[in-house]
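coords_8.txt follows; it contains compact mmCIF, C-alpha atoms and all ligand atoms.
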# COMPACT_ATOMS: atom_id res chain seq x y z
CA MET A 1 -174.12 -78.55 75.64
CA PRO A 2 -171.39 -77.23 77.96
CA VAL A 3 -170.76 -73.55 78.58
CA ASN A 4 -167.63 -73.02 76.46
CA VAL A 5 -167.88 -69.43 75.22
CA PHE A 6 -167.37 -66.04 76.84
CA LEU A 7 -168.77 -63.13 74.82
CA ASN A 8 -168.84 -59.50 75.96
CA GLY A 9 -169.26 -60.20 79.65
CA ARG A 10 -171.40 -63.35 79.40
CA TYR A 11 -170.53 -67.04 79.72
CA CYS A 12 -172.73 -69.13 77.44
CA GLU A 13 -173.13 -72.19 75.26
CA GLU A 14 -171.74 -71.88 71.74
CA HIS A 15 -175.16 -71.69 70.02
CA GLU A 16 -176.15 -68.74 72.24
CA ALA A 17 -173.15 -66.61 71.22
CA MET A 18 -174.10 -64.04 68.56
CA VAL A 19 -172.04 -61.27 66.98
CA SER A 20 -173.35 -58.45 64.79
CA VAL A 21 -172.90 -58.60 60.99
CA ASP A 22 -171.41 -55.09 61.39
CA ASP A 23 -168.61 -56.36 63.60
CA ARG A 24 -165.31 -55.00 62.30
CA GLY A 25 -163.64 -58.34 62.89
CA PHE A 26 -166.07 -59.84 60.38
CA LEU A 27 -165.92 -56.92 57.92
CA PHE A 28 -162.23 -55.93 58.07
CA GLY A 29 -160.36 -58.46 60.21
CA ASP A 30 -159.97 -55.45 62.51
CA GLY A 31 -158.84 -57.27 65.64
CA VAL A 32 -156.24 -59.50 67.28
CA TYR A 33 -156.25 -62.94 68.86
CA GLU A 34 -154.43 -65.49 71.03
CA VAL A 35 -154.36 -69.27 71.28
CA ILE A 36 -153.50 -70.74 74.68
CA ARG A 37 -153.01 -74.44 75.49
CA CYS A 38 -154.35 -76.05 78.62
CA TYR A 39 -153.16 -79.27 80.17
CA ARG A 40 -155.00 -80.99 83.05
CA GLY A 41 -157.31 -77.98 83.26
CA ALA A 42 -154.45 -75.47 83.70
CA LEU A 43 -153.47 -72.77 81.18
CA PHE A 44 -149.83 -73.00 80.05
CA LYS A 45 -147.84 -69.72 79.85
CA LEU A 46 -150.99 -67.67 80.43
CA GLN A 47 -149.16 -64.47 81.44
CA GLU A 48 -146.92 -64.60 78.35
CA HIS A 49 -149.96 -64.97 76.08
CA LEU A 50 -151.79 -62.12 77.83
CA SER A 51 -148.75 -59.83 77.47
CA ARG A 52 -148.61 -60.59 73.74
CA PHE A 53 -152.40 -60.04 73.47
CA ALA A 54 -151.96 -56.58 75.02
CA ARG A 55 -149.01 -55.82 72.68
CA SER A 56 -151.01 -56.91 69.62
CA ALA A 57 -154.01 -54.79 70.67
CA ALA A 58 -151.75 -51.77 71.25
CA GLY A 59 -150.19 -52.45 67.82
CA ILE A 60 -153.54 -51.71 66.14
CA ASP A 61 -154.56 -48.89 68.55
CA LEU A 62 -157.23 -50.98 70.21
CA VAL A 63 -157.89 -50.46 73.91
CA LEU A 64 -158.71 -53.77 75.59
CA PRO A 65 -162.03 -53.74 77.48
CA TYR A 66 -160.49 -55.54 80.50
CA SER A 67 -157.23 -55.48 82.43
CA ALA A 68 -154.78 -58.40 82.13
CA GLU A 69 -155.88 -59.58 85.61
CA GLU A 70 -159.54 -59.52 84.59
CA ILE A 71 -158.82 -61.40 81.35
CA ALA A 72 -156.82 -64.03 83.26
CA ALA A 73 -159.73 -64.51 85.68
CA ILE A 74 -162.21 -64.84 82.78
CA CYS A 75 -159.99 -67.45 81.07
CA LYS A 76 -159.82 -69.54 84.24
CA THR A 77 -163.57 -69.28 84.94
CA LEU A 78 -164.40 -70.26 81.36
CA LEU A 79 -162.07 -73.24 81.48
CA ASP A 80 -163.64 -74.40 84.77
CA LYS A 81 -167.18 -73.95 83.48
CA SER A 82 -166.42 -75.89 80.28
CA GLY A 83 -164.78 -78.76 82.16
CA THR A 84 -162.00 -78.86 79.52
CA LYS A 85 -158.86 -80.65 80.66
CA ASN A 86 -156.56 -80.95 77.63
CA GLY A 87 -157.47 -78.39 75.08
CA MET A 88 -157.08 -74.88 73.81
CA LEU A 89 -158.55 -71.50 74.55
CA TYR A 90 -159.08 -69.17 71.60
CA MET A 91 -159.42 -65.48 72.47
CA GLN A 92 -160.11 -62.58 70.15
CA VAL A 93 -160.94 -58.93 70.44
CA THR A 94 -162.23 -56.79 67.59
CA ARG A 95 -162.71 -53.03 67.44
CA GLY A 96 -166.43 -53.72 67.72
CA SER A 97 -169.60 -53.25 65.75
CA ALA A 98 -170.54 -50.05 63.85
CA PRO A 99 -171.81 -49.05 60.38
CA ARG A 100 -169.06 -49.90 57.88
CA THR A 101 -166.43 -47.19 57.39
CA HIS A 102 -162.74 -47.88 56.93
CA GLU A 103 -161.63 -45.35 59.55
CA PHE A 104 -162.27 -46.11 63.22
CA PRO A 105 -165.85 -45.26 64.24
CA SER A 106 -166.00 -42.36 66.74
CA VAL A 107 -168.05 -44.45 69.17
CA VAL A 108 -167.50 -48.19 69.30
CA THR A 109 -167.18 -50.86 72.00
CA PRO A 110 -164.73 -53.74 71.43
CA THR A 111 -166.14 -57.24 70.99
CA ILE A 112 -164.27 -59.76 73.14
CA MET A 113 -164.78 -63.46 72.72
CA MET A 114 -163.18 -66.60 74.11
CA LYS A 115 -163.92 -70.18 73.22
CA VAL A 116 -162.57 -73.37 74.74
CA ARG A 117 -162.33 -76.81 73.16
CA GLU A 118 -160.76 -80.16 73.85
CA ILE A 119 -158.02 -81.21 71.43
CA ASP A 120 -157.47 -84.54 69.76
CA GLU A 121 -154.35 -85.79 71.56
CA GLN A 122 -154.02 -88.74 69.17
CA PHE A 123 -153.77 -86.47 66.10
CA PHE A 124 -150.93 -84.49 67.65
CA ARG A 125 -149.13 -87.61 68.92
CA GLU A 126 -148.90 -88.82 65.31
CA LYS A 127 -147.59 -85.47 64.06
CA LYS A 128 -144.90 -85.45 66.78
CA LYS A 129 -143.20 -88.28 64.88
CA GLY A 130 -142.52 -85.86 62.02
CA VAL A 131 -144.07 -84.17 59.00
CA SER A 132 -143.06 -82.76 55.62
CA VAL A 133 -143.29 -79.07 54.71
CA LEU A 134 -143.50 -76.91 51.57
CA THR A 135 -141.77 -73.53 51.09
CA VAL A 136 -143.89 -70.65 49.75
CA PRO A 137 -143.25 -66.93 49.19
CA ASP A 138 -143.99 -64.82 52.28
CA GLU A 139 -146.59 -62.40 50.94
CA ARG A 140 -147.70 -61.01 54.29
CA TRP A 141 -147.66 -57.41 55.54
CA GLU A 142 -144.82 -55.74 57.44
CA HIS A 143 -146.27 -56.28 60.94
CA CYS A 144 -146.15 -60.05 61.38
CA ASP A 145 -145.30 -59.48 65.05
CA ILE A 146 -148.94 -58.42 65.61
CA LYS A 147 -151.19 -61.46 66.06
CA SER A 148 -153.83 -59.96 63.80
CA LEU A 149 -157.05 -61.60 62.59
CA ASN A 150 -155.93 -60.88 59.01
CA LEU A 151 -154.65 -64.36 58.22
CA LEU A 152 -155.53 -64.67 54.54
CA PRO A 153 -151.92 -65.15 53.31
CA ASN A 154 -151.40 -67.73 56.08
CA VAL A 155 -154.66 -69.49 55.20
CA LEU A 156 -153.78 -69.62 51.48
CA ALA A 157 -150.24 -70.83 52.21
CA LYS A 158 -151.45 -73.57 54.55
CA GLN A 159 -154.09 -74.67 52.04
CA LYS A 160 -151.50 -74.80 49.27
CA ALA A 161 -149.31 -77.05 51.45
CA ARG A 162 -152.15 -79.29 52.62
CA SER A 163 -153.64 -79.70 49.13
CA GLN A 164 -150.25 -81.08 48.00
CA GLY A 165 -149.92 -83.44 50.96
CA PHE A 166 -147.60 -81.28 53.11
CA HIS A 167 -148.39 -80.50 56.73
CA GLU A 168 -147.08 -76.94 57.01
CA ALA A 169 -146.05 -74.05 54.72
CA VAL A 170 -142.69 -72.34 55.34
CA PHE A 171 -142.49 -68.67 54.40
CA ILE A 172 -139.47 -67.43 52.43
CA HIS A 173 -138.92 -63.66 52.37
CA GLU A 174 -136.11 -61.33 51.38
CA PRO A 175 -133.86 -62.02 54.41
CA GLY A 176 -134.44 -65.79 54.27
CA VAL A 177 -136.69 -68.28 56.06
CA THR A 178 -139.03 -66.31 58.31
CA GLU A 179 -141.57 -68.67 59.92
CA CYS A 180 -144.46 -70.94 58.92
CA ALA A 181 -148.17 -70.36 58.27
CA SER A 182 -148.95 -71.04 61.95
CA SER A 183 -145.63 -71.79 63.65
CA ASN A 184 -142.00 -70.72 64.10
CA ILE A 185 -139.30 -72.73 62.36
CA PHE A 186 -135.83 -73.79 63.49
CA ILE A 187 -132.95 -75.53 61.78
CA VAL A 188 -129.97 -77.27 63.35
CA THR A 189 -126.73 -76.67 61.49
CA GLY A 190 -123.25 -77.50 62.86
CA GLY A 191 -124.98 -78.44 66.13
CA THR A 192 -126.42 -74.92 66.51
CA VAL A 193 -130.14 -74.16 66.62
CA VAL A 194 -130.90 -71.31 64.21
CA THR A 195 -134.17 -69.39 64.01
CA ALA A 196 -135.30 -65.98 62.73
CA PRO A 197 -134.83 -63.06 65.14
CA GLU A 198 -137.74 -61.23 66.74
CA GLY A 199 -138.92 -58.30 64.65
CA ASN A 200 -141.67 -57.39 62.23
CA ARG A 201 -141.20 -60.45 59.98
CA ILE A 202 -142.25 -63.08 62.51
CA LEU A 203 -144.75 -63.62 65.27
CA SER A 204 -142.72 -63.90 68.42
CA GLY A 205 -143.97 -67.35 69.42
CA ILE A 206 -144.44 -68.18 73.08
CA THR A 207 -143.33 -71.75 72.28
CA ARG A 208 -140.31 -70.36 70.34
CA GLU A 209 -139.27 -68.50 73.49
CA VAL A 210 -139.63 -71.69 75.58
CA VAL A 211 -137.62 -73.67 72.99
CA LEU A 212 -134.76 -71.14 73.07
CA LYS A 213 -134.75 -71.17 76.88
CA LEU A 214 -134.71 -74.97 77.04
CA ALA A 215 -131.94 -75.15 74.44
CA GLY A 216 -129.91 -72.70 76.56
CA GLU A 217 -130.45 -74.84 79.66
CA ALA A 218 -129.30 -77.93 77.74
CA GLY A 219 -126.14 -76.14 76.58
CA ILE A 220 -127.23 -76.25 72.94
CA PRO A 221 -125.91 -73.15 71.11
CA CYS A 222 -128.57 -70.93 69.50
CA GLU A 223 -128.23 -68.28 66.83
CA LEU A 224 -130.89 -65.71 65.92
CA ARG A 225 -130.67 -65.05 62.18
CA TYR A 226 -132.72 -65.87 59.11
CA PRO A 227 -131.76 -69.35 57.81
CA GLN A 228 -131.30 -69.43 54.03
CA LYS A 229 -133.46 -71.73 51.88
CA ASN A 230 -130.48 -73.91 50.87
CA GLU A 231 -129.55 -74.27 54.57
CA LEU A 232 -133.07 -75.53 55.20
CA TYR A 233 -132.57 -78.26 52.60
CA LYS A 234 -129.17 -79.29 53.98
CA ALA A 235 -129.91 -78.89 57.71
CA GLU A 236 -129.00 -81.62 60.18
CA GLU A 237 -132.44 -81.17 61.73
CA VAL A 238 -135.50 -79.02 61.13
CA PHE A 239 -138.45 -78.55 63.49
CA PHE A 240 -141.24 -76.08 64.11
CA SER A 241 -143.12 -74.95 67.19
CA ASN A 242 -146.47 -73.55 68.18
CA THR A 243 -148.82 -73.54 71.13
CA VAL A 244 -151.14 -76.26 69.87
CA GLU A 245 -148.69 -78.71 68.30
CA GLU A 246 -145.71 -77.93 70.59
CA ILE A 247 -142.51 -79.15 68.84
CA ILE A 248 -142.85 -80.99 65.52
CA PRO A 249 -139.90 -82.59 63.68
CA VAL A 250 -139.68 -81.84 59.95
CA LEU A 251 -138.53 -84.87 57.98
CA ALA A 252 -138.58 -83.34 54.47
CA VAL A 253 -138.58 -79.82 52.99
CA ASP A 254 -139.90 -79.53 49.41
CA GLY A 255 -139.13 -83.24 49.04
CA ASN A 256 -135.51 -82.92 50.34
CA VAL A 257 -135.16 -85.51 53.09
CA ILE A 258 -133.76 -84.26 56.43
CA ASN A 259 -131.70 -86.52 58.72
CA GLN A 260 -132.56 -89.63 56.67
CA GLY A 261 -136.23 -89.02 57.38
CA LYS A 262 -135.90 -89.35 61.17
CA PRO A 263 -136.38 -86.78 63.96
CA GLY A 264 -132.95 -85.52 65.08
CA ASN A 265 -131.48 -85.89 68.57
CA ILE A 266 -131.70 -82.19 69.41
CA THR A 267 -135.36 -82.09 68.35
CA LEU A 268 -136.13 -85.18 70.44
CA ARG A 269 -134.29 -83.71 73.42
CA LEU A 270 -136.24 -80.45 73.19
CA GLN A 271 -139.54 -82.33 72.84
CA GLU A 272 -138.71 -84.27 76.01
CA MET A 273 -137.68 -81.14 77.94
CA PHE A 274 -140.81 -79.35 76.77
CA LYS A 275 -143.02 -82.18 78.04
CA LYS A 276 -141.27 -82.11 81.44
CA LEU A 277 -141.76 -78.35 81.71
CA VAL A 278 -145.47 -78.66 80.89
CA ASP A 279 -145.80 -81.40 83.51
CA ILE A 280 -144.08 -79.26 86.14
CA GLU A 281 -146.04 -76.09 85.35
CA THR A 282 -149.50 -77.63 85.00
CA SER A 283 -149.68 -80.33 87.65
N1 LIG B 1 -150.43 -69.73 65.68
N2 LIG B 1 -146.12 -67.83 63.80
C1 LIG B 1 -147.39 -67.75 63.37
C2 LIG B 1 -147.67 -67.07 62.08
C3 LIG B 1 -148.44 -68.30 64.15
O1 LIG B 1 -149.70 -68.20 63.73
C4 LIG B 1 -148.12 -68.96 65.37
C5 LIG B 1 -149.17 -69.59 66.23
C6 LIG B 1 -146.77 -69.03 65.76
C7 LIG B 1 -146.34 -69.70 67.04
O2 LIG B 1 -146.70 -68.94 68.16
P1 LIG B 1 -146.99 -69.63 69.56
O3 LIG B 1 -145.85 -70.47 69.90
O4 LIG B 1 -147.14 -68.48 70.50
O5 LIG B 1 -148.27 -70.42 69.41
C8 LIG B 1 -145.80 -68.45 64.95
C9 LIG B 1 -151.56 -70.22 66.45
C10 LIG B 1 -151.33 -71.54 67.05
C11 LIG B 1 -152.81 -70.14 65.57
O6 LIG B 1 -152.90 -69.17 64.82
O7 LIG B 1 -153.69 -70.98 65.69

Hey, can you dump this file as structure tokens for me?
Amino acid sequence: MPVNVFLNGRYCEEHEAMVSVDDRGFLFGDGVYEVIRCYRGALFKLQEHLSRFARSAAGIDLVLPYSAEEIAAICKTLLDKSGTKNGMLYMQVTRGSAPRTHEFPSVVTPTIMMKVREIDEQFFREKKKGVSVLTVPDERWEHCDIKSLNLLPNVLAKQKARSQGFHEAVFIHEPGVTECASSNIFIVTGGTVVTAPEGNRILSGITREVVLKLAGEAGIPCELRYPQKNELYKAEEVFFSNTVEEIIPVLAVDGNVINQGKPGNITLRLQEMFKKLVDIETS
């Protein structure tokens, strides 16, 4: 078995990694996480992910056990040790292990864990041709900008979508379309790319940021506002983005066909630009 886990200062094989049953991540979801893609053995947008990791930890008053430089070095060492080329690195920190009390324990050491795995390129290649999505009520808390381990509403939404044959669940909240269970969503209307603004209703996706930058470079107008549900149904194009899947065209929303069931030109253009950027930054 390869060394593919880092746990509290130690690199080890997965079966050697043990966490206490009193860990607050296990008991309360008291922690935050990141997912980082690697291509050809290089981590894509590592600094951006580490900045968000630090912001998320600060958002729940958790002091990270290492500096950003130390975490970056650990990520790279783990990736090298595992021999992973095209894959993902999962990283999480919890407040640590202590007898169960809701309030923070007076003495506790954070648990930090990273795990690397190869990804199934073929699976994602298929999805890049387009998927269908289901809208669901956004029943999450008011701090969706924190990448917290508390993902139960996201898990239930995704399961609801998958059990009905949809790939992703799209959250609808008071201001409109917020994001998806594990991605940010965009519509194209009147040739403009529209997506929810940063704030407490969405996770500020690293891929979302790249998409907006690429669209700017291509001269495609972008607008940051919450799309309305009826706009989603009538959009010229719909797509979503996240670290693992990159940019995925949406071909139907709640059974309403988008762009005659084909990925739109803007989506295809952004997919192509994204691939070029990855090639430049990781080769
Ligand atoms: N999720 N919104 C939510 C709720 C997410 O969970 C994610 C990513 C995103 C996109 O963020 P980024 O582009 O930085 O990956 C938006 C990861 C992939 C996950 O939970 O596995």

Residue among A:Lys234, A:Arg269, A:Arg40, A:Arg201 lying closest to ligand LIG 1 (chain B), counting only C-alpha atoms and all ligand atoms: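 Once distances to ligand LIG 1 (chain B) are computed over only C-alpha atoms and all ligand atoms, the minimum belongs to A:Arg201.
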
Could the residues of chain A that have an atom at most 7 Å from ligand LIG 1 (chain B) be listed as a Markdown table, each with its closest atom pair and the distance in Å to one decimal, counting all atoms listed in the file and ordered by chain and ascending residue number?
| residue | atom | partner | partner_atom | distance |
| --- | --- | --- | --- | --- |
| A:Val35 | CA | B:LIG1 | C9 | 5.7 |
| A:Glu179 | CA | B:LIG1 | N2 | 6.0 |
| A:Cys180 | CA | B:LIG1 | C2 | 5.9 |
| A:Ala181 | CA | B:LIG1 | C2 | 5.1 |
| A:Ser182 | CA | B:LIG1 | O1 | 3.4 |
| A:Ser183 | CA | B:LIG1 | C8 | 3.6 |
| A:Asn184 | CA | B:LIG1 | C8 | 4.5 |
| A:Ile202 | CA | B:LIG1 | N2 | 6.3 |
| A:Leu203 | CA | B:LIG1 | N2 | 4.7 |
| A:Ser204 | CA | B:LIG1 | O2 | 6.4 |
| A:Gly205 | CA | B:LIG1 | O2 | 3.4 |
| A:Ile206 | CA | B:LIG1 | O4 | 3.7 |
| A:Thr207 | CA | B:LIG1 | O3 | 3.7 |
| A:Arg208 | CA | B:LIG1 | O3 | 5.6 |
| A:Ser241 | CA | B:LIG1 | O3 | 5.9 |
| A:Asn242 | CA | B:LIG1 | O3 | 3.6 |
| A:Thr243 | CA | B:LIG1 | O5 | 3.6 |
| A:Val244 | CA | B:LIG1 | C10 | 5.5 |

Using the selection just defined, write its residues with C-alpha atoms as an mmCIF file, in the coordinates of the input.
data_model
loop_
_atom_site.group_PDB
_atom_site.id
_atom_site.type_symbol
_atom_site.label_atom_id
_atom_site.label_comp_id
_atom_site.auth_asym_id
_atom_site.auth_seq_id
_atom_site.Cartn_x
_atom_site.Cartn_y
_atom_site.Cartn_z
ATOM 1 C CA VAL A 35 -154.360 -69.270 71.280
ATOM 2 C CA GLU A 179 -141.570 -68.670 59.920
ATOM 3 C CA CYS A 180 -144.460 -70.940 58.920
ATOM 4 C CA ALA A 181 -148.170 -70.360 58.270
ATOM 5 C CA SER A 182 -148.950 -71.040 61.950
ATOM 6 C CA SER A 183 -145.630 -71.790 63.650
ATOM 7 C CA ASN A 184 -142.000 -70.720 64.100
ATOM 8 C CA ILE A 202 -142.250 -63.080 62.510
ATOM 9 C CA LEU A 203 -144.750 -63.620 65.270
ATOM 10 C CA SER A 204 -142.720 -63.900 68.420
ATOM 11 C CA GLY A 205 -143.970 -67.350 69.420
ATOM 12 C CA ILE A 206 -144.440 -68.180 73.080
ATOM 13 C CA THR A 207 -143.330 -71.750 72.280
ATOM 14 C CA ARG A 208 -140.310 -70.360 70.340
ATOM 15 C CA SER A 241 -143.120 -74.950 67.190
ATOM 16 C CA ASN A 242 -146.470 -73.550 68.180
ATOM 17 C CA THR A 243 -148.820 -73.540 71.130
ATOM 18 C CA VAL A 244 -151.140 -76.260 69.870
#

Give me the residues of range 70-92 of chain A that have any atom at most 12 Å from an atom of range 46-62 of chain A; for each, the nearest atom pair and the distance in Å, rounded to one decimal. Use only C-alpha atoms, sort by chain and number, and format it as JSON lines.
{"residue": "A:Glu70", "atom": "CA", "partner": "A:Leu50", "partner_atom": "CA", "distance": 10.6}
{"residue": "A:Ile71", "atom": "CA", "partner": "A:Leu50", "partner_atom": "CA", "distance": 7.9}
{"residue": "A:Ala72", "atom": "CA", "partner": "A:Leu46", "partner_atom": "CA", "distance": 7.4}
{"residue": "A:Ala73", "atom": "CA", "partner": "A:Leu46", "partner_atom": "CA", "distance": 10.7}
{"residue": "A:Ile74", "atom": "CA", "partner": "A:Leu46", "partner_atom": "CA", "distance": 11.8}
{"residue": "A:Cys75", "atom": "CA", "partner": "A:Leu46", "partner_atom": "CA", "distance": 9.0}
{"residue": "A:Lys76", "atom": "CA", "partner": "A:Leu46", "partner_atom": "CA", "distance": 9.8}
{"residue": "A:Met88", "atom": "CA", "partner": "A:Leu46", "partner_atom": "CA", "distance": 11.5}
{"residue": "A:Leu89", "atom": "CA", "partner": "A:Leu46", "partner_atom": "CA", "distance": 10.3}
{"residue": "A:Tyr90", "atom": "CA", "partner": "A:His49", "partner_atom": "CA", "distance": 11.0}
{"residue": "A:Met91", "atom": "CA", "partner": "A:Phe53", "partner_atom": "CA", "distance": 8.9}
{"residue": "A:Gln92", "atom": "CA", "partner": "A:Phe53", "partner_atom": "CA", "distance": 8.8}

Saved selection, atoms kept: C-alpha atoms, as a compact mmCIF listing (two decimals), in the frame of the given file:
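Final file, selection-v3.txt:
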# COMPACT_ATOMS: atom_id res chain seq x y z
CA GLU A 70 -159.54 -59.52 84.59
CA ILE A 71 -158.82 -61.40 81.35
CA ALA A 72 -156.82 -64.03 83.26
CA ALA A 73 -159.73 -64.51 85.68
CA ILE A 74 -162.21 -64.84 82.78
CA CYS A 75 -159.99 -67.45 81.07
CA LYS A 76 -159.82 -69.54 84.24
CA MET A 88 -157.08 -74.88 73.81
CA LEU A 89 -158.55 -71.50 74.55
CA TYR A 90 -159.08 -69.17 71.60
CA MET A 91 -159.42 -65.48 72.47
CA GLN A 92 -160.11 -62.58 70.15

Between CA of Leu214 in chain A and CA of Val131 in chain A, distance in Å (one decimal): 22.3 Å

Neighbouring residues of Gln164 in chain A were defined as those with any atom within 12 Å, considering all atoms listed in the file; residues of the same chain fewer than 2 positions away were excluded. Please report them as a PyMOL selection string. chain A and resi 132-135+157-162+166-169+254-255

List as CSV every residue of range 142-254 of chain A that is in contact with range 21-26 of chain A, defined as an atom at most 12 Å from one of its atoms (using all atoms listed in the file), together with the nearest atom pair and the distance in Å rounded to one decimal, sorted by chain and then rising number.
residue,atom,partner,partner_atom,distance
A:Ser148,CA,A:Gly25,CA,10.0
A:Leu149,CA,A:Gly25,CA,7.4
A:Asn150,CA,A:Gly25,CA,9.0
A:Leu151,CA,A:Gly25,CA,11.8

Expected file: the selected residues, C-alpha atoms, as an mmCIF file, in the frame of the given file:
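Okay, this is what ended up in again00.cif:
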data_model
loop_
_atom_site.group_PDB
_atom_site.id
_atom_site.type_symbol
_atom_site.label_atom_id
_atom_site.label_comp_id
_atom_site.auth_asym_id
_atom_site.auth_seq_id
_atom_site.Cartn_x
_atom_site.Cartn_y
_atom_site.Cartn_z
ATOM 1 C CA SER A 148 -153.830 -59.960 63.800
ATOM 2 C CA LEU A 149 -157.050 -61.600 62.590
ATOM 3 C CA ASN A 150 -155.930 -60.880 59.010
ATOM 4 C CA LEU A 151 -154.650 -64.360 58.220
#

Using all atoms listed in the file, which residues sit within 9 Å of Leu7 in chain A once same-chain residues fewer than 5 positions away are excluded, as a list in words?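 Once the nearby chain positions are removed, what remains is Cys12, Ala17, Met18, Val19, Thr111, Ile112, Met113, Met114 and Lys115 of chain A.
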
Nearest to Leu251 in chain A: which of A:Leu156, A:Val136, A:Leu232, A:Leu224 is it, counting all atoms listed in the file?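 Looking at the shortest contact to Leu251 in chain A, the residue is A:Leu232.
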
In the coordinates of the file, take the point (-170.2, -70.2, 72.0) and a cut-off of 6 Å; then, counting all atoms listed in the file, name each qualifying protein, DNA or RNA residue as a list in words. Asn4, Val5, Glu13, Glu14, His15 and Ala17 of chain A

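Computed from the coordinates, the CA of Phe240 in chain A to CA of Glu217 in chain A distance equals 19.0 Å.
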
Could you jot down the CA of Ile36 in chain A to CA of Pro263 in chain A separation for me, Å, one decimal place?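 Going from CA of Ile36 in chain A over to CA of Pro263 in chain A covers 25.8 Å.
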
Taking (-144.3, -64.9, 50.3) in the file's coordinates as the center, which residues reach within 8 Å of it, counting only C-alpha atoms, put as a PyMOL selection string? chain A and resi 136-140+171-173

Non-local contacts of Gly83 in chain A (10 Å; only C-alpha atoms; under 4 positions in same chain excluded) as a PyMOL selection string: chain A and resi 2-4+41+77-79+116-118

Sorted per-residue table, range 22-129 of chain A near range 235-239 of chain A, closest atoms and distance, 12 Å, all atoms listed in the file, as a Markdown table:
| residue | atom | partner | partner_atom | distance |
| --- | --- | --- | --- | --- |
| A:Lys127 | CA | A:Phe239 | CA | 11.5 |
| A:Lys128 | CA | A:Phe239 | CA | 10.0 |
| A:Lys129 | CA | A:Phe239 | CA | 10.9 |

Distance criterion (all atoms listed in the file): nearest to Val210 in chain A out of A:Leu27, A:Val177, A:Ile247, A:Ala42: A:Ile247

From the list A:Cys222, A:Val170, A:Ala252, A:Val188, which residue is nearest Asn265 in chain A when using all atoms listed in the file? A:Val188

With distances taken over all atoms listed in the file, which residue among A:Arg37, A:Lys229, A:Ser20, A:Lys85 lies nearest Pro99 in chain A? A:Ser20

Of the candidates A:Met1, A:Thr189, A:Pro249, A:Glu281, which one gets nearest to Glu16 in chain A if we count all atoms listed in the file? A:Met1
